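Colleague: Would you mind keeping the following structure in view while I ask a few things?
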Amino acid sequence: MTAISEKIHVVQGDITRVTVDAIVNAANNGLLGGGGVDGAIHRAGGSEILEECKKIREKQGGCPTGEAVITTAGRLNAKYVIHTVGPVWQGGKHQEAQLLRNCYQNVLQLADQYHVETIAFPNISTGVYHFPKPLAADISAEEVSSYLNEHKQSKINKVLFVCFDEENYRLLLEKTN
Ligand code: ADP
């Protein structure tokens, strides 16, 4: 069996350019697209993604913070986009850390339900949601490792952290080595 640390990889770049089974989107509660990585994913993936997001909205009224939903990946080099809504940083006393942990756990659970083997995460909440990058890096590395440790039957064999900026890239490299 492959050691968990060998399944986790950190790269710097644009998540819309990677080839994996599932690309994770840092979405917002409304699921109608936005700026940052959300805008980049919808632009690169095309309107099919938004159409499915709209259907999910009609059914369940969007996506609560910390939870995740899955759609097609449209034109992206992936089968699925898994949209999760990270917490907005409000000083740290509003369960932000737990909500960010929930994002990683819920995304990975959904990925397993869809038999995903390879998955790419952006640094959820570290853009306009202003979550402190060092704490977000700790949480993301911890949650992915603990999920893989606790789910030995998981088919996920590659988790890519795709860091857009240098600071997140360095932090994630430190946390995963
Ligand atoms: P949030 O609202 O969750 O903070 P943002 O999209 O503003 O979402 O930022 C989340 C992270 O995604 C930030 O670290 C940002 O630098 C990064 N990011 C923005 N565009 C891309 C992209 N094309 N690929 C990967 N990461 C991206």
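Residue numbering restarts at 1 for every chain of the structure tokens, chains are lettered A, B, ... in their displayed order, and ligands are numbered from 1 as they appear.
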List all protein, DNA and RNA residues that have at least one atom no more than 10 Å from any atom of ligand 1, counting only C-alpha atoms and all ligand atoms, and write them as an mmCIF file with C-alpha atoms, in the first residue's frame.
Modeller:
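Generated file (part-v3.cif):
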data_model
loop_
_atom_site.group_PDB
_atom_site.id
_atom_site.type_symbol
_atom_site.label_atom_id
_atom_site.label_comp_id
_atom_site.auth_asym_id
_atom_site.auth_seq_id
_atom_site.Cartn_x
_atom_site.Cartn_y
_atom_site.Cartn_z
ATOM 1 C CA VAL A 11 2.303 22.326 -6.893
ATOM 2 C CA GLN A 12 2.134 26.002 -7.737
ATOM 3 C CA GLY A 13 -0.142 27.011 -10.604
ATOM 4 C CA ASP A 14 -3.625 27.303 -12.037
ATOM 5 C CA ILE A 15 -6.057 24.589 -10.950
ATOM 6 C CA THR A 16 -7.982 24.836 -14.230
ATOM 7 C CA ARG A 17 -4.935 23.426 -16.024
ATOM 8 C CA VAL A 18 -4.511 20.183 -14.092
ATOM 9 C CA ILE A 23 -11.242 19.622 -9.298
ATOM 10 C CA VAL A 24 -12.359 21.320 -6.078
ATOM 11 C CA ASN A 25 -13.889 24.773 -6.320
ATOM 12 C CA ALA A 26 -13.881 27.350 -3.514
ATOM 13 C CA ALA A 27 -17.444 28.442 -4.240
ATOM 14 C CA ASN A 28 -19.881 30.675 -2.370
ATOM 15 C CA GLY A 34 -17.826 34.590 -8.425
ATOM 16 C CA GLY A 35 -14.273 35.863 -8.509
ATOM 17 C CA GLY A 36 -10.984 34.131 -7.781
ATOM 18 C CA VAL A 37 -10.728 30.413 -8.370
ATOM 19 C CA ASP A 38 -14.532 30.141 -8.729
ATOM 20 C CA GLY A 39 -14.546 32.529 -11.685
ATOM 21 C CA ALA A 40 -11.554 30.785 -13.243
ATOM 22 C CA ILE A 41 -13.231 27.354 -12.997
ATOM 23 C CA ALA A 44 -12.518 27.465 -18.210
ATOM 24 C CA THR A 84 -17.347 23.597 -1.385
ATOM 25 C CA VAL A 85 -17.993 26.794 0.516
ATOM 26 C CA GLY A 86 -15.230 27.862 2.861
ATOM 27 C CA PRO A 87 -15.857 30.128 5.841
ATOM 28 C CA VAL A 88 -15.308 33.868 5.708
ATOM 29 C CA TRP A 89 -12.647 34.728 8.313
ATOM 30 C CA LEU A 100 -12.791 24.785 6.982
ATOM 31 C CA ALA A 120 -6.996 18.771 -6.829
ATOM 32 C CA PHE A 121 -7.684 21.349 -4.103
ATOM 33 C CA PRO A 122 -7.151 25.114 -4.180
ATOM 34 C CA ASN A 123 -6.340 26.874 -0.893
ATOM 35 C CA ILE A 124 -9.955 27.256 0.178
ATOM 36 C CA SER A 125 -10.890 30.531 1.944
ATOM 37 C CA THR A 126 -7.425 32.092 1.645
ATOM 38 C CA GLY A 127 -8.456 34.604 -1.040
ATOM 39 C CA VAL A 128 -11.268 37.101 -0.588
ATOM 40 C CA TYR A 129 -12.497 35.154 2.466
ATOM 41 C CA HIS A 130 -9.232 36.154 4.232
ATOM 42 C CA PHE A 131 -8.632 32.998 6.256
ATOM 43 C CA LYS A 133 -2.873 31.228 5.221
ATOM 44 C CA ALA A 136 -5.480 27.171 6.474
ATOM 45 C CA PHE A 161 -2.741 21.010 -3.557
ATOM 46 C CA VAL A 162 -2.647 23.534 -6.378
ATOM 47 C CA CYS A 163 -1.382 26.770 -4.864
ATOM 48 C CA PHE A 164 -1.836 29.916 -6.889
ATOM 49 C CA ASP A 165 0.442 32.085 -4.817
ATOM 50 C CA GLU A 166 3.962 31.617 -3.531
ATOM 51 C CA GLU A 167 3.074 31.956 0.173
ATOM 52 C CA ASN A 168 0.517 29.150 0.109
ATOM 53 C CA TYR A 169 2.889 27.035 -1.944
#
Colleague: Using the chain letters and numbers from this document, which residues of stretch 80-170 of chain A does DSSP assign to strand (DSSP E or B), as a ChimeraX atom specification?
Modeller: /A:80-85,118-121,158-163
Colleague: Can you work out the spacing between atom CA of A:Ser154 and atom CA of A:Arg170 in Å, to one decimal?
Modeller: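 That distance, rounded to one decimal, is 27.8 Å.
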Colleague: Do you know which residues are at most 9 Å from A:Tyr147 counting only C-alpha atoms, after dropping those on the same chain fewer than 6 positions away, and could you put them as a VMD selection string?
Modeller: chain A and resid 104 to 105 108 to 109
Colleague: Can you write out the residues you just picked, keeping N, CA and C atoms, as a tab-separated table (two decimals), in the first residue's frame?
Modeller:
chain	number	residue	atom	x	y	z
A	104	TYR	N	-12.92	20.15	3.82
A	104	TYR	CA	-12.01	19.10	3.33
A	104	TYR	C	-12.63	17.72	3.53
A	105	GLN	N	-13.21	17.49	4.70
A	105	GLN	CA	-13.82	16.17	4.98
A	105	GLN	C	-14.99	15.89	4.04
A	108	LEU	N	-13.88	15.19	0.43
A	108	LEU	CA	-13.26	13.87	0.25
A	108	LEU	C	-14.31	12.75	0.33
A	109	GLN	N	-15.29	12.94	1.21
A	109	GLN	CA	-16.38	11.95	1.30
A	109	GLN	C	-17.16	11.87	-0.01
Colleague: Please list as a ChimeraX atom specification every residue within 12 Å of A:Leu50, counting only C-alpha atoms and excluding residues in the same chain fewer than 5 positions away.
Modeller: /A:27,30-34,38-39,41-45,55-57,70-74,81,83
Colleague: Counting only C-alpha atoms, which of A:Asn106, A:Thr19, A:Leu171, A:Gly46 gets nearest to A:Cys63?
Modeller: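 Using only C-alpha atoms, A:Cys63 sits closest to A:Asn106.
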Colleague: Ranking A:Asp112, A:Gln90, A:Glu117, A:Ala3 by minimum distance to A:His151 and counting only C-alpha atoms, which one comes first?
Modeller: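 Closest residue, counting only C-alpha atoms: A:Asp112.
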Colleague: Calculated over only C-alpha atoms, which of the candidates A:Ala111, A:Ile49, A:Leu173, A:Cys103 has the smallest distance to A:Ala137?
Modeller: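 With only C-alpha atoms as the atom set, the closest residue is A:Leu173.
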Colleague: Given only C-alpha atoms as the basis, pick out the residue of A:Leu160, A:Ala97, A:Val107, A:Leu148 nearest to A:Leu135.
Modeller: A:Ala97
Colleague: Nearest to A:Ser145: which of A:Ile82, A:Ile4, A:Val10, A:Leu172 is it, counting only C-alpha atoms?
Modeller: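 Using only C-alpha atoms, the shortest distance to A:Ser145 belongs to A:Ile4.
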Colleague: From the DSSP assignment of the backbone, select every residue of stretch 82-162 of chain A that is helix (DSSP H, G or I), and format the answer as a ChimeraX atom specification.
Modeller: /A:96-113,133-150
Colleague: Could the residues in this selection be written to a file with C-alpha atoms, as a CSV table (one decimal), in the first residue's frame?
Modeller:
chain,number,residue,atom,x,y,z
A,96,GLU,CA,-14.0,29.2,11.1
A,97,ALA,CA,-11.4,26.5,11.7
A,98,GLN,CA,-14.0,23.8,12.2
A,99,LEU,CA,-15.9,24.9,9.1
A,100,LEU,CA,-12.8,24.8,7.0
A,101,ARG,CA,-12.1,21.3,8.3
A,102,ASN,CA,-15.6,20.3,7.3
A,103,CYS,CA,-14.9,21.5,3.8
A,104,TYR,CA,-12.0,19.1,3.3
A,105,GLN,CA,-13.8,16.2,5.0
A,106,ASN,CA,-17.0,16.7,3.0
A,107,VAL,CA,-15.2,17.1,-0.3
A,108,LEU,CA,-13.3,13.9,0.3
A,109,GLN,CA,-16.4,12.0,1.3
A,110,LEU,CA,-18.2,13.1,-1.8
A,111,ALA,CA,-15.2,12.2,-3.9
A,112,ASP,CA,-15.2,8.7,-2.6
A,113,GLN,CA,-18.9,8.4,-3.3
A,133,LYS,CA,-2.9,31.2,5.2
A,134,PRO,CA,-0.7,29.4,7.8
A,135,LEU,CA,-3.7,28.1,9.7
A,136,ALA,CA,-5.5,27.2,6.5
A,137,ALA,CA,-2.4,25.3,5.4
A,138,ASP,CA,-2.3,23.4,8.7
A,139,ILE,CA,-5.9,22.5,8.4
A,140,SER,CA,-5.8,21.4,4.8
A,141,ALA,CA,-2.8,19.1,5.3
A,142,GLU,CA,-4.2,17.7,8.6
A,143,GLU,CA,-7.6,17.0,7.2
A,144,VAL,CA,-6.4,15.3,4.0
A,145,SER,CA,-4.0,13.1,6.0
A,146,SER,CA,-6.5,12.2,8.6
A,147,TYR,CA,-9.2,11.4,6.0
A,148,LEU,CA,-6.8,9.1,4.1
A,149,ASN,CA,-5.7,7.5,7.4
A,150,GLU,CA,-9.2,6.8,8.6
Colleague: Report the distance between atom CA of A:Pro132 and atom CA of A:Val159 in Å, rounded to one decimal place.
Modeller: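 Atom CA of A:Pro132 sits 21.8 Å away from atom CA of A:Val159.
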Colleague: Could you tell me how far atom CA of A:Glu51 lies from atom CA of A:His115, in Å and to one decimal?
Modeller: 23.0 Å
